[in-house]
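This is protein.csv (CSV, C-alpha atoms and all ligand atoms).
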```csv
chain,number,residue,atom,x,y,z
A,24,MET,CA,53.9,24.5,-16.6
A,25,SER,CA,51.4,27.2,-15.9
A,26,VAL,CA,47.7,27.0,-16.7
A,27,PRO,CA,46.9,29.9,-19.0
A,28,ALA,CA,44.3,32.4,-17.8
A,29,ASN,CA,40.7,31.5,-18.5
A,30,ARG,CA,39.6,34.3,-20.8
A,31,SER,CA,35.9,33.4,-21.3
A,32,VAL,CA,33.4,35.4,-19.4
A,33,PRO,CA,29.9,33.8,-19.5
A,34,CYS,CA,27.0,36.3,-19.7
A,35,PRO,CA,25.2,36.2,-16.3
A,36,ARG,CA,21.8,36.2,-18.2
A,37,CYS,CA,22.3,33.9,-21.2
A,38,ALA,CA,25.6,32.2,-20.4
A,39,ALA,CA,27.0,33.0,-23.9
A,40,ASP,CA,30.7,34.0,-23.9
A,41,LEU,CA,30.9,37.8,-23.6
A,42,ALA,CA,34.5,37.6,-24.9
A,43,GLY,CA,33.2,35.7,-28.0
A,44,GLY,CA,32.1,38.7,-29.9
A,45,PRO,CA,34.3,41.0,-32.1
A,46,VAL,CA,34.3,43.8,-29.5
A,47,GLU,CA,37.1,44.0,-26.8
A,48,LEU,CA,35.7,42.9,-23.4
A,49,SER,CA,36.6,46.2,-21.7
A,50,ALA,CA,34.7,48.2,-24.3
A,51,LEU,CA,31.7,45.9,-24.5
A,52,PRO,CA,28.3,47.7,-24.8
A,53,GLN,CA,26.1,44.7,-24.6
A,54,CYS,CA,26.0,40.9,-24.6
A,55,PRO,CA,26.6,39.8,-28.2
A,56,ALA,CA,24.0,37.0,-27.8
A,57,CYS,CA,21.1,38.4,-25.7
A,58,GLU,CA,21.9,42.0,-26.4
A,59,VAL,CA,21.4,43.2,-22.8
A,60,GLU,CA,23.4,46.2,-21.8
A,61,THR,CA,26.5,44.9,-20.1
A,62,ARG,CA,29.7,46.4,-18.8
A,63,VAL,CA,32.8,44.4,-17.9
A,64,VAL,CA,35.5,46.1,-15.8
A,65,LEU,CA,38.7,44.1,-16.1
A,66,PHE,CA,41.6,44.0,-13.6
A,67,PRO,CA,45.2,42.8,-14.2
A,68,ALA,CA,44.5,39.4,-12.5
A,69,PHE,CA,42.2,38.6,-15.4
A,70,ASP,CA,45.3,37.9,-17.5
A,71,TRP,CA,47.2,36.1,-14.9
A,72,PRO,CA,47.8,32.3,-15.1
A,73,PHE,CA,46.8,30.2,-12.2
A,74,ALA,CA,49.5,31.0,-9.7
A,75,GLU,CA,49.2,27.8,-7.7
A,76,ALA,CA,49.8,25.7,-10.7
A,77,VAL,CA,53.1,27.5,-11.4
A,78,ARG,CA,54.3,27.3,-7.8
A,79,ALA,CA,53.4,23.7,-7.2
A,80,GLU,CA,55.8,22.7,-10.0
A,81,LEU,CA,58.8,23.3,-7.9
A,82,VAL,CA,60.2,19.8,-7.2
A,83,VAL,CA,62.5,19.0,-4.4
A,84,LEU,CA,66.2,18.5,-4.9
A,85,THR,CA,68.2,16.1,-2.8
A,86,GLY,CA,69.0,17.4,0.6
A,87,GLU,CA,66.5,20.1,0.6
A,88,ALA,CA,63.8,20.6,3.3
A,89,THR,CA,60.5,19.2,2.2
A,90,CYS,CA,56.8,19.9,2.8
A,91,PHE,CA,55.3,18.1,5.8
A,92,TYR,CA,52.3,17.1,3.6
A,93,HIS,CA,54.1,16.5,0.3
A,94,PRO,CA,57.5,14.9,0.9
A,95,GLN,CA,58.4,15.3,-2.8
A,96,LYS,CA,57.9,19.1,-2.8
A,97,ARG,CA,60.4,21.6,-1.6
A,98,ALA,CA,59.6,23.5,1.6
A,99,HIS,CA,58.7,27.1,1.0
A,100,VAL,CA,57.8,28.5,4.4
A,101,PRO,CA,57.1,27.2,7.9
A,102,CYS,CA,53.5,27.4,9.2
A,103,ASP,CA,53.2,30.4,11.4
A,104,ALA,CA,51.1,28.4,13.9
A,105,CYS,CA,52.6,25.0,14.2
A,106,GLY,CA,56.0,25.5,12.4
A,107,ARG,CA,55.6,22.6,10.0
A,108,PHE,CA,57.4,23.1,6.7
A,109,LEU,CA,55.0,23.8,3.8
A,110,CYS,CA,55.3,23.7,0.1
A,111,ALA,CA,53.8,26.5,-2.0
A,112,LEU,CA,50.5,24.6,-2.4
A,113,CYS,CA,50.1,24.0,1.3
A,114,ASP,CA,51.1,27.6,2.3
A,115,LEU,CA,47.8,29.3,2.8
A,116,ASP,CA,48.1,33.1,3.0
A,117,VAL,CA,45.7,34.5,5.6
A,118,ASN,CA,46.1,38.3,6.0
A,119,GLY,CA,49.8,38.0,5.6
A,120,ALA,CA,50.2,35.0,7.9
A,121,HIS,CA,51.3,31.6,6.5
A,122,LEU,CA,49.2,28.7,7.7
A,123,CYS,CA,49.0,25.0,7.0
A,124,PRO,CA,45.6,23.6,6.0
A,125,GLN,CA,45.2,21.9,9.4
A,126,CYS,CA,45.9,25.0,11.4
A,127,LEU,CA,43.6,27.0,9.1
A,128,GLU,CA,40.8,24.5,9.8
A,129,THR,CA,41.2,24.5,13.6
A,130,GLY,CA,41.5,28.3,13.5
A,131,ALA,CA,38.3,28.6,11.6
A,132,LYS,CA,36.5,26.2,13.9
A,133,LYS,CA,37.6,28.1,17.0
A,134,SER,CA,36.8,31.4,15.4
A,135,ARG,CA,40.2,32.7,16.4
A,136,LEU,CA,40.8,33.9,12.9
A,137,PRO,CA,38.0,36.5,12.1
A,138,GLU,CA,39.2,36.6,8.5
A,139,LEU,CA,38.0,33.0,8.1
A,140,GLU,CA,34.6,33.2,9.7
A,141,ARG,CA,31.9,32.6,7.3
A,142,GLU,CA,28.7,32.8,9.4
A,143,ARG,CA,27.3,33.8,12.7
A,144,THR,CA,23.9,32.9,14.2
A,145,ARG,CA,21.7,35.9,14.9
A,146,TRP,CA,20.4,34.9,18.4
A,147,ASP,CA,18.8,38.3,18.7
A,148,ARG,CA,16.6,37.5,15.7
A,149,ILE,CA,15.7,34.1,17.1
A,150,VAL,CA,14.8,35.7,20.5
A,151,SER,CA,12.6,38.4,18.7
A,152,THR,CA,10.7,35.7,16.9
A,153,LEU,CA,10.2,33.8,20.2
A,154,LEU,CA,8.8,37.0,21.7
A,155,PHE,CA,6.7,38.4,19.0
A,156,ALA,CA,5.4,35.5,16.9
A,157,PRO,CA,3.3,34.0,19.8
A,158,LEU,CA,1.6,37.4,20.2
A,159,VAL,CA,0.0,36.8,16.7
A,160,LEU,CA,0.0,33.0,16.5
A,161,CYS,CA,-0.8,31.5,19.9
A,162,TRP,CA,-0.8,33.9,22.8
A,163,VAL,CA,-1.7,31.2,25.3
A,164,LEU,CA,1.8,29.9,25.0
A,165,LEU,CA,3.3,33.3,26.1
A,166,PRO,CA,4.4,32.2,29.6
A,167,LEU,CA,6.4,29.3,28.0
A,168,THR,CA,7.8,31.2,25.0
A,169,SER,CA,8.9,34.2,27.1
A,170,LEU,CA,10.6,31.9,29.5
A,171,VAL,CA,12.4,30.1,26.7
A,172,ALA,CA,13.4,33.6,25.3
A,173,LEU,CA,14.9,34.5,28.7
A,174,VAL,CA,16.8,31.3,28.8
A,175,VAL,CA,18.2,31.8,25.3
A,176,ILE,CA,19.2,35.4,26.1
A,177,GLY,CA,21.1,34.2,29.2
A,178,TRP,CA,22.7,31.2,27.4
A,179,LYS,CA,23.8,33.2,24.3
A,180,TRP,CA,24.6,36.5,26.0
A,181,LYS,CA,28.3,35.9,25.2
A,182,ALA,CA,27.9,34.3,21.8
A,183,PRO,CA,29.8,36.1,19.0
A,184,PRO,CA,27.6,39.2,18.3
A,185,SER,CA,26.5,40.6,15.0
A,186,LEU,CA,29.1,42.7,13.1
A,187,VAL,CA,26.5,45.0,11.7
A,188,SER,CA,23.9,45.6,14.5
A,189,ASN,CA,24.3,45.9,18.2
A,190,THR,CA,23.3,42.5,19.5
A,191,ARG,CA,23.9,43.3,23.2
A,192,ILE,CA,21.5,46.2,23.2
A,193,SER,CA,18.8,44.3,21.4
A,194,LEU,CA,19.2,41.3,23.7
A,195,GLY,CA,19.0,43.6,26.7
A,196,VAL,CA,15.8,45.2,25.5
A,197,TYR,CA,14.4,41.8,24.7
A,198,ALA,CA,15.2,40.6,28.2
A,199,ALA,CA,13.0,43.4,29.6
A,200,VAL,CA,10.3,42.6,27.1
A,201,ALA,CA,10.5,38.9,28.0
A,202,VAL,CA,10.1,39.6,31.8
A,203,LEU,CA,7.1,41.9,31.1
A,204,GLN,CA,5.6,39.3,28.8
A,205,PHE,CA,6.1,36.5,31.3
A,206,GLY,CA,4.6,38.5,34.2
A,207,GLY,CA,1.7,39.8,32.1
A,208,SER,CA,0.9,36.4,30.5
A,209,VAL,CA,1.0,34.6,33.9
A,210,PHE,CA,-1.3,37.2,35.3
A,211,MET,CA,-3.7,36.7,32.3
A,212,TRP,CA,-3.6,33.0,32.8
A,213,TRP,CA,-4.4,33.4,36.5
A,214,LEU,CA,-7.3,35.8,35.5
A,215,ILE,CA,-8.7,33.3,33.0
A,216,PHE,CA,-8.4,30.0,34.8
A,217,ALA,CA,-7.9,30.7,38.5
A,218,GLY,CA,-9.1,34.3,39.0
A,219,PRO,CA,-12.9,34.1,38.3
A,220,HIS,CA,-13.2,30.7,39.9
A,221,THR,CA,-11.7,31.9,43.2
A,222,LEU,CA,-13.8,35.0,42.9
A,223,THR,CA,-17.1,33.1,42.5
A,224,THR,CA,-16.2,30.7,45.3
A,225,THR,CA,-15.5,33.6,47.7
A,226,VAL,CA,-18.7,35.3,46.7
A,227,GLN,CA,-20.8,32.1,47.3
B,15,MET,CA,33.6,44.7,17.5
B,16,MET,CA,31.0,46.1,15.2
B,17,LEU,CA,32.2,47.0,11.8
B,18,LYS,CA,31.1,50.6,11.9
B,19,LYS,CA,33.2,51.2,15.0
B,20,ASP,CA,36.2,49.3,13.5
B,21,ALA,CA,38.7,51.7,11.9
B,22,ASN,CA,39.8,48.9,9.6
B,23,PHE,CA,36.5,48.9,7.8
B,24,ARG,CA,34.8,51.6,5.7
B,25,ARG,CA,31.1,51.2,4.7
B,26,LEU,CA,30.2,51.7,1.1
B,27,LYS,CA,26.9,53.4,0.3
B,28,VAL,CA,25.6,50.4,-1.7
B,29,GLY,CA,23.5,47.5,-0.8
B,30,GLY,CA,20.7,47.7,1.8
B,31,LEU,CA,17.4,45.8,2.3
B,32,GLY,CA,16.1,43.3,-0.2
B,33,PRO,CA,13.3,40.9,-0.5
B,34,LEU,CA,15.3,38.1,1.2
B,35,GLY,CA,17.3,40.1,3.7
B,36,SER,CA,19.9,42.8,4.0
B,37,ALA,CA,23.4,43.2,2.6
B,38,SER,CA,26.1,45.7,3.5
B,39,TYR,CA,29.4,46.3,1.9
B,40,TRP,CA,32.6,47.1,3.7
B,41,LEU,CA,36.1,48.0,2.4
B,42,ALA,CA,39.0,46.6,4.4
B,43,LYS,CA,42.7,47.0,3.8
B,44,ASP,CA,43.0,44.1,1.4
B,45,HIS,CA,39.4,42.9,0.7
B,46,LEU,CA,35.8,43.7,0.2
B,47,LEU,CA,33.6,42.3,2.9
B,48,VAL,CA,29.9,41.6,2.1
B,49,VAL,CA,27.7,41.0,5.2
B,50,GLU,CA,24.4,39.3,4.3
B,51,VAL,CA,21.8,39.0,7.0
B,52,ILE,CA,19.3,36.3,6.0
B,53,SER,CA,16.7,35.1,8.5
B,54,TYR,CA,18.6,33.8,11.5
B,55,SER,CA,22.2,34.1,10.3
B,56,GLU,CA,24.7,36.5,9.2
B,57,ARG,CA,27.0,35.5,6.3
B,58,TYR,CA,30.4,37.0,5.5
B,59,ARG,CA,31.8,37.0,2.0
B,60,ARG,CA,35.3,38.2,1.4
B,61,PHE,CA,36.6,39.3,-2.0
B,62,TYR,CA,40.4,39.9,-1.8
B,63,PHE,CA,41.6,42.7,-4.0
B,64,ARG,CA,44.5,40.6,-5.4
B,65,ASP,CA,42.1,37.9,-6.5
B,66,LEU,CA,39.4,40.0,-8.3
B,67,GLN,CA,39.5,39.6,-12.1
B,68,ALA,CA,36.5,41.5,-13.2
B,69,VAL,CA,33.3,43.2,-12.2
B,70,ILE,CA,30.3,42.4,-14.6
B,71,VAL,CA,27.4,44.8,-14.5
B,72,GLN,CA,24.3,44.0,-16.5
B,73,GLN,CA,21.1,45.9,-16.9
B,74,THR,CA,17.8,44.2,-15.9
B,75,GLY,CA,14.2,45.0,-16.6
B,76,ALA,CA,13.2,45.3,-13.0
B,77,ARG,CA,12.8,49.1,-13.1
B,78,LYS,CA,10.6,48.9,-16.2
B,79,GLY,CA,8.5,46.1,-14.7
B,80,TRP,CA,7.8,47.9,-11.4
B,81,ASN,CA,7.0,51.1,-13.3
B,82,ILE,CA,4.6,49.3,-15.6
B,83,GLY,CA,2.9,47.7,-12.6
B,84,PHE,CA,2.5,51.0,-10.6
B,85,GLY,CA,1.7,52.9,-13.8
B,86,VAL,CA,-1.2,50.6,-14.7
B,87,ALA,CA,-2.5,50.6,-11.1
B,88,LEU,CA,-2.3,54.4,-11.1
B,89,LEU,CA,-4.2,54.6,-14.4
B,90,ILE,CA,-6.9,52.3,-13.1
B,91,ALA,CA,-7.3,54.4,-9.9
B,92,LEU,CA,-7.5,57.6,-12.0
B,93,VAL,CA,-10.3,56.2,-14.2
B,94,ILE,CA,-12.2,55.0,-11.1
B,95,ALA,CA,-11.7,58.3,-9.5
B,96,LEU,CA,-13.0,60.2,-12.5
B,97,VAL,CA,-16.1,58.0,-12.7
B,98,LEU,CA,-16.9,58.1,-9.0
B,99,LEU,CA,-15.7,61.5,-7.8
B,100,PRO,CA,-18.4,63.7,-9.5
B,101,GLY,CA,-21.1,61.5,-7.8
B,102,ALA,CA,-19.4,61.5,-4.4
B,103,LEU,CA,-19.0,65.3,-4.4
B,104,ARG,CA,-22.7,66.0,-4.7
B,105,GLY,CA,-22.9,69.7,-4.0
B,106,GLY,CA,-20.2,70.8,-6.3
B,107,PHE,CA,-16.5,70.9,-5.3
B,108,PRO,CA,-15.8,70.4,-1.5
B,109,SER,CA,-19.0,71.4,0.1
B,110,GLY,CA,-18.8,69.5,3.4
B,111,GLY,CA,-16.9,67.3,5.8
B,112,ASP,CA,-17.6,64.1,4.0
B,113,ASP,CA,-16.2,65.5,0.7
B,114,TYR,CA,-12.9,66.2,2.5
B,115,GLY,CA,-12.8,62.6,3.6
B,116,VAL,CA,-13.4,61.4,0.1
B,117,ILE,CA,-10.6,63.6,-1.3
B,118,GLY,CA,-8.3,62.5,1.5
B,119,ILE,CA,-8.8,58.8,0.7
B,120,TRP,CA,-8.2,59.3,-3.0
B,121,SER,CA,-5.1,61.4,-2.3
B,122,ALA,CA,-3.7,58.6,-0.1
B,123,ILE,CA,-4.4,56.1,-2.9
B,124,PHE,CA,-2.6,58.3,-5.5
B,125,LEU,CA,0.3,58.8,-3.1
B,126,VAL,CA,0.7,55.1,-2.3
B,127,LEU,CA,0.8,54.3,-6.0
B,128,GLY,CA,2.6,57.4,-7.3
B,129,LEU,CA,5.4,57.7,-4.8
B,130,PRO,CA,7.0,54.3,-5.6
B,131,LEU,CA,6.7,55.1,-9.3
B,132,LEU,CA,8.6,58.3,-8.7
B,133,VAL,CA,11.2,56.9,-6.4
B,134,ASN,CA,11.8,53.9,-8.7
B,135,THR,CA,12.2,56.2,-11.7
B,136,LEU,CA,14.6,58.6,-9.9
B,137,ARG,CA,16.8,55.8,-8.6
B,138,GLY,CA,17.8,55.0,-12.2
B,139,PRO,CA,18.2,51.8,-14.3
B,140,THR,CA,18.4,48.4,-12.4
B,141,CYS,CA,21.1,45.9,-12.9
B,142,THR,CA,22.9,42.8,-11.5
B,143,VAL,CA,26.5,42.9,-10.4
B,144,HIS,CA,28.9,39.9,-10.5
B,145,LEU,CA,32.4,39.7,-9.1
B,146,ARG,CA,34.7,37.3,-10.9
B,147,THR,CA,37.8,35.6,-9.4
B,148,ALA,CA,39.8,32.8,-10.9
B,149,VAL,CA,37.7,30.2,-9.2
B,150,GLN,CA,34.1,31.6,-9.1
B,151,THR,CA,31.7,34.3,-10.2
B,152,GLN,CA,29.6,35.6,-7.4
B,153,LYS,CA,26.4,37.7,-7.7
B,154,LEU,CA,26.3,40.6,-5.3
B,155,ARG,CA,23.2,40.8,-3.2
B,156,ASN,CA,20.9,43.8,-3.0
B,157,LEU,CA,23.1,45.8,-5.4
B,158,THR,CA,20.6,46.4,-8.1
B,159,ARG,CA,21.0,50.0,-9.3
B,160,TRP,CA,23.3,50.9,-12.1
B,161,ARG,CA,24.4,54.1,-10.3
B,162,LYS,CA,25.3,52.0,-7.2
B,163,ALA,CA,27.3,49.6,-9.3
B,164,GLU,CA,29.3,52.5,-10.7
B,165,LEU,CA,29.9,53.7,-7.2
B,166,LEU,CA,31.2,50.3,-6.2
B,167,VAL,CA,33.5,50.2,-9.3
B,168,THR,CA,34.8,53.7,-8.5
B,169,GLU,CA,35.6,52.8,-4.9
B,170,LEU,CA,36.9,49.3,-5.6
B,171,GLY,CA,38.8,49.9,-8.8
B,172,PRO,CA,41.9,51.8,-7.6
B,173,LEU,CA,42.3,49.5,-4.5
B,174,VAL,CA,42.2,46.4,-6.7
B,175,GLN,CA,44.6,48.0,-9.3
B,176,SER,CA,47.2,48.9,-6.6
B,177,ALA,CA,46.9,45.6,-4.8
B,178,GLN,CA,47.5,43.7,-8.0
B,179,ALA,CA,50.4,45.9,-9.1
B,180,ALA,CA,52.0,45.2,-5.7
B,181,SER,CA,51.3,41.5,-5.9
B,182,ALA,CA,52.7,41.3,-9.5
B,183,ALA,CA,55.9,43.0,-8.3
B,184,ALA,CA,56.2,40.6,-5.4
B,185,SER,CA,55.7,37.5,-7.5
B,186,VAL,CA,58.4,38.7,-10.0
B,187,ALA,CA,60.8,39.3,-7.1
B,188,SER,CA,60.2,35.9,-5.4
B,189,SER,CA,60.2,33.8,-8.6
B,190,ASP,CA,63.7,34.8,-9.6
B,191,PRO,CA,65.7,33.2,-6.8
B,192,ALA,CA,63.4,30.1,-6.9
B,193,ASP,CA,64.1,29.7,-10.6
B,194,ALA,CA,67.8,30.1,-9.9
B,195,ALA,CA,67.7,27.4,-7.2
B,196,THR,CA,65.9,24.8,-9.4
B,197,ALA,CA,68.2,25.5,-12.3
B,198,ALA,CA,71.4,25.3,-10.3
B,199,PRO,CA,72.9,21.8,-9.8
B,200,PRO,CA,72.9,20.5,-6.2
B,201,GLY,CA,76.0,20.7,-4.0
A,301,ZN,ZN,23.7,37.4,-22.8
A,302,ZN,ZN,50.2,24.6,10.9
A,303,ZN,ZN,52.6,20.6,0.5
```

Produce structure tokens that represent the structure in this file.
Ligand SMILES: [Zn+2]
Ligand SMILES: [Zn+2]
Ligand SMILES: [Zn+2]
Amino acid sequence: MSVPANRSVPCPRCAADLAGGPVELSALPQCPACEVETRVVLFPAFDWPFAEAVRAELVVLTGEATCFYHPQKRAHVPCDACGRFLCALCDLDVNGAHLCPQCLETGAKKSRLPELERERTRWDRIVSTLLFAPLVLCWVLLPLTSLVALVVIGWKWKAPPSLVSNTRISLGVYAAVAVLQFGGSVFMWWLIFAGPHTLTTTVQ
Amino acid sequence: MMLKKDANFRRLKVGGLGPLGSASYWLAKDHLLVVEVISYSERYRRFYFRDLQAVIVQQTGARKGWNIGFGVALLIALVIALVLLPGALRGGFPSGGDDYGVIGIWSAIFLVLGLPLLVNTLRGPTCTVHLRTAVQTQKLRNLTRWRKAELLVTELGPLVQSAQAASAAASVASSDPADAATAAPPG
């Protein structure tokens, strides 16, 4: 019925089984193979069998409600989002809510479930590269890159911000920098290409 | 909302900047959230307390390696200084403005090489930390000091223990009626 717990713990360094030696895992001083100092802190779940394997065994009896996705499996709970009946395998527990795989996927896509979000783009870092890389690499492009930076700031102002640093403040500061850069670089362009030329023509 | 303003999250004093980016560690009600900022994205890894099977901490040679590197550089600088300084300070020990400049430059060199050596030594042994669940073993980023690993275990341990005790109790309670239903004949 249940899959027994997997009790082997590979050494992160040499991949030998840390549980393979004579010493109890929780009292291990070092890897028995590569002899590097190692500590393993075990929690009760280490000894638990695969819970899903146990629960999925429950087979439907005649007349019982069945899973929407698995007609031969007994319904366990309804999905909290769409109400479809779910078996133990399809019941995905997200912060105490029961969701079916499909609702979980749409929820993750629309970022309505912050618990499921895996990644956010750091637009503030992209903008800072747009602003500061050309200063070193190719400053003649500054009028263009600062304009692109401004467009990106406006376009991504409401994008999901960083969870660890204040994206709004950095984007605000970068907007000011971009405006200065644009003004300054356009003025420099004018000085270099148009300025001296007009100056000489007026002198002559 | 930023995590540091969110009452549901508490920041752990582990992680920080690394060669490839930064990582911060946050405790929520039922999971550990690791936020990794690498180039243009921010990645979130969640380790639910009820799923954690083990923390594996293993010593590495990084501290020794850095110390050997800085130590050798310091030694070389010292030898060069001993050879050059008597010649540079012509009129005996500091006798003019130039001499103070020479001493200043050498002090800066010793500081740049010696300070990392000192900090690296004081921060204690280096290590790697892996978190194991039933389905994967994940290395924790920018968590490379033994002392920090111990801090993580101290903070995480009791939360994981209590979450798993509650989860074990719940599964015993829920499995009883289910077993009774499968065992009972229909009708
Ligand atoms: Zn090993
Ligand atoms: Zn659903
Ligand atoms: Zn199902």

Practice task
May I have the residues of chain B within 8 Å of chain A, counting only C-alpha atoms, written as a count of residues only?
Solution key: 32

Practice task
Find the distance between CA of Ala122 in chain B and CA of Ala91 in chain B and write it in Å to one decimal.
Solution key: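 A separation of 11.3 Å between them.
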
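What separates CA of Leu99 in chain B from CA of Asn134 in chain B is a distance of 28.5 Å.
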
Practice task
Could you tell me, counting all atoms listed in the file, which protein and nucleic acid residues lie no more than 9 Å from ligand ZN 302 (chain A), written as an MDAnalysis selection string?
Solution key: chainID A and resid 101:109 121:127

Exercise for the section: Name the closest residue to Cys57 in chain A among the candidates A:Gly206, A:Val100, A:Ser193, A:Gly44; distances are taken between atoms, counting all atoms listed in the file. Expected result: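 Among the listed residues, A:Gly44 lies closest to Cys57 in chain A.
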
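Separating CA of Ala177 in chain B from CA of Phe63 in chain B is a distance of 6.1 Å.
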
For Leu166 in chain B: contacts at 12 Å, all atoms listed in the file, fewer than 2 positions along chain excluded, given as a CSV table (one decimal) with C-alpha atoms, in the frame of the given file:
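The resulting around.csv:
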```
chain,number,residue,atom,x,y,z
A,64,VAL,CA,35.5,46.1,-15.8
B,25,ARG,CA,31.1,51.2,4.7
B,26,LEU,CA,30.2,51.7,1.1
B,27,LYS,CA,26.9,53.4,0.3
B,28,VAL,CA,25.6,50.4,-1.7
B,29,GLY,CA,23.5,47.5,-0.8
B,38,SER,CA,26.1,45.7,3.5
B,39,TYR,CA,29.4,46.3,1.9
B,40,TRP,CA,32.6,47.1,3.7
B,41,LEU,CA,36.1,48.0,2.4
B,46,LEU,CA,35.8,43.7,0.2
B,69,VAL,CA,33.3,43.2,-12.2
B,70,ILE,CA,30.3,42.4,-14.6
B,71,VAL,CA,27.4,44.8,-14.5
B,143,VAL,CA,26.5,42.9,-10.4
B,144,HIS,CA,28.9,39.9,-10.5
B,145,LEU,CA,32.4,39.7,-9.1
B,154,LEU,CA,26.3,40.6,-5.3
B,157,LEU,CA,23.1,45.8,-5.4
B,158,THR,CA,20.6,46.4,-8.1
B,159,ARG,CA,21.0,50.0,-9.3
B,160,TRP,CA,23.3,50.9,-12.1
B,161,ARG,CA,24.4,54.1,-10.3
B,162,LYS,CA,25.3,52.0,-7.2
B,163,ALA,CA,27.3,49.6,-9.3
B,164,GLU,CA,29.3,52.5,-10.7
B,168,THR,CA,34.8,53.7,-8.5
B,169,GLU,CA,35.6,52.8,-4.9
B,170,LEU,CA,36.9,49.3,-5.6
B,171,GLY,CA,38.8,49.9,-8.8
B,172,PRO,CA,41.9,51.8,-7.6
B,173,LEU,CA,42.3,49.5,-4.5
B,174,VAL,CA,42.2,46.4,-6.7
```

Exercise for the section: For ligand ZN 303 (chain A), collect every residue having any atom at a distance of at most 9 Å from a ligand atom (counting all atoms listed in the file); output as a ChimeraX atom specification. Expected result: /A:79,89-99,108-114,123

Handout entry: Among listed residues A:Ala201, A:Leu173, A:Leu194, A:Ala42, nearest ligand ZN 301 (chain A) (using all atoms listed in the file)
Key =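 Under the stated criterion, the closest residue is A:Ala42.
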
Handout entry: Given only C-alpha atoms as the counted atoms, nearest of A:Ser31, A:Ser169, A:Ser151, A:Thr129 to Gly43 in chain A
Key =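 Distance minimum relative to Gly43 in chain A lands on A:Ser31.
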
Exercise for the section: Show which residues sit within 7 Å of His45 in chain B, as a list in words. Count all atoms listed in the file, and ignore same-chain residues fewer than 5 positions away. Expected result: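 Using all atoms listed in the file, the neighbours found are Arg60, Phe61, Tyr62 and Phe63 of chain B.
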
Practice task
Find the spatial neighbours of range 81-87 of chain B, counting only C-alpha atoms, within a cut-off of 12 Å - ignore same-chain residues fewer than 6 positions away - and output them as number ranges by chain.
Solution key: B: 75, 93-94, 123-140

Problem - Near-Gln204 in chain A list (9 Å; all atoms listed in the file; drop same-chain fewer than 6 positions) as a list in words - result: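 Surrounding residues, per the criterion: Leu154, Leu165, Pro166, Ser169 and Leu170 of chain A.
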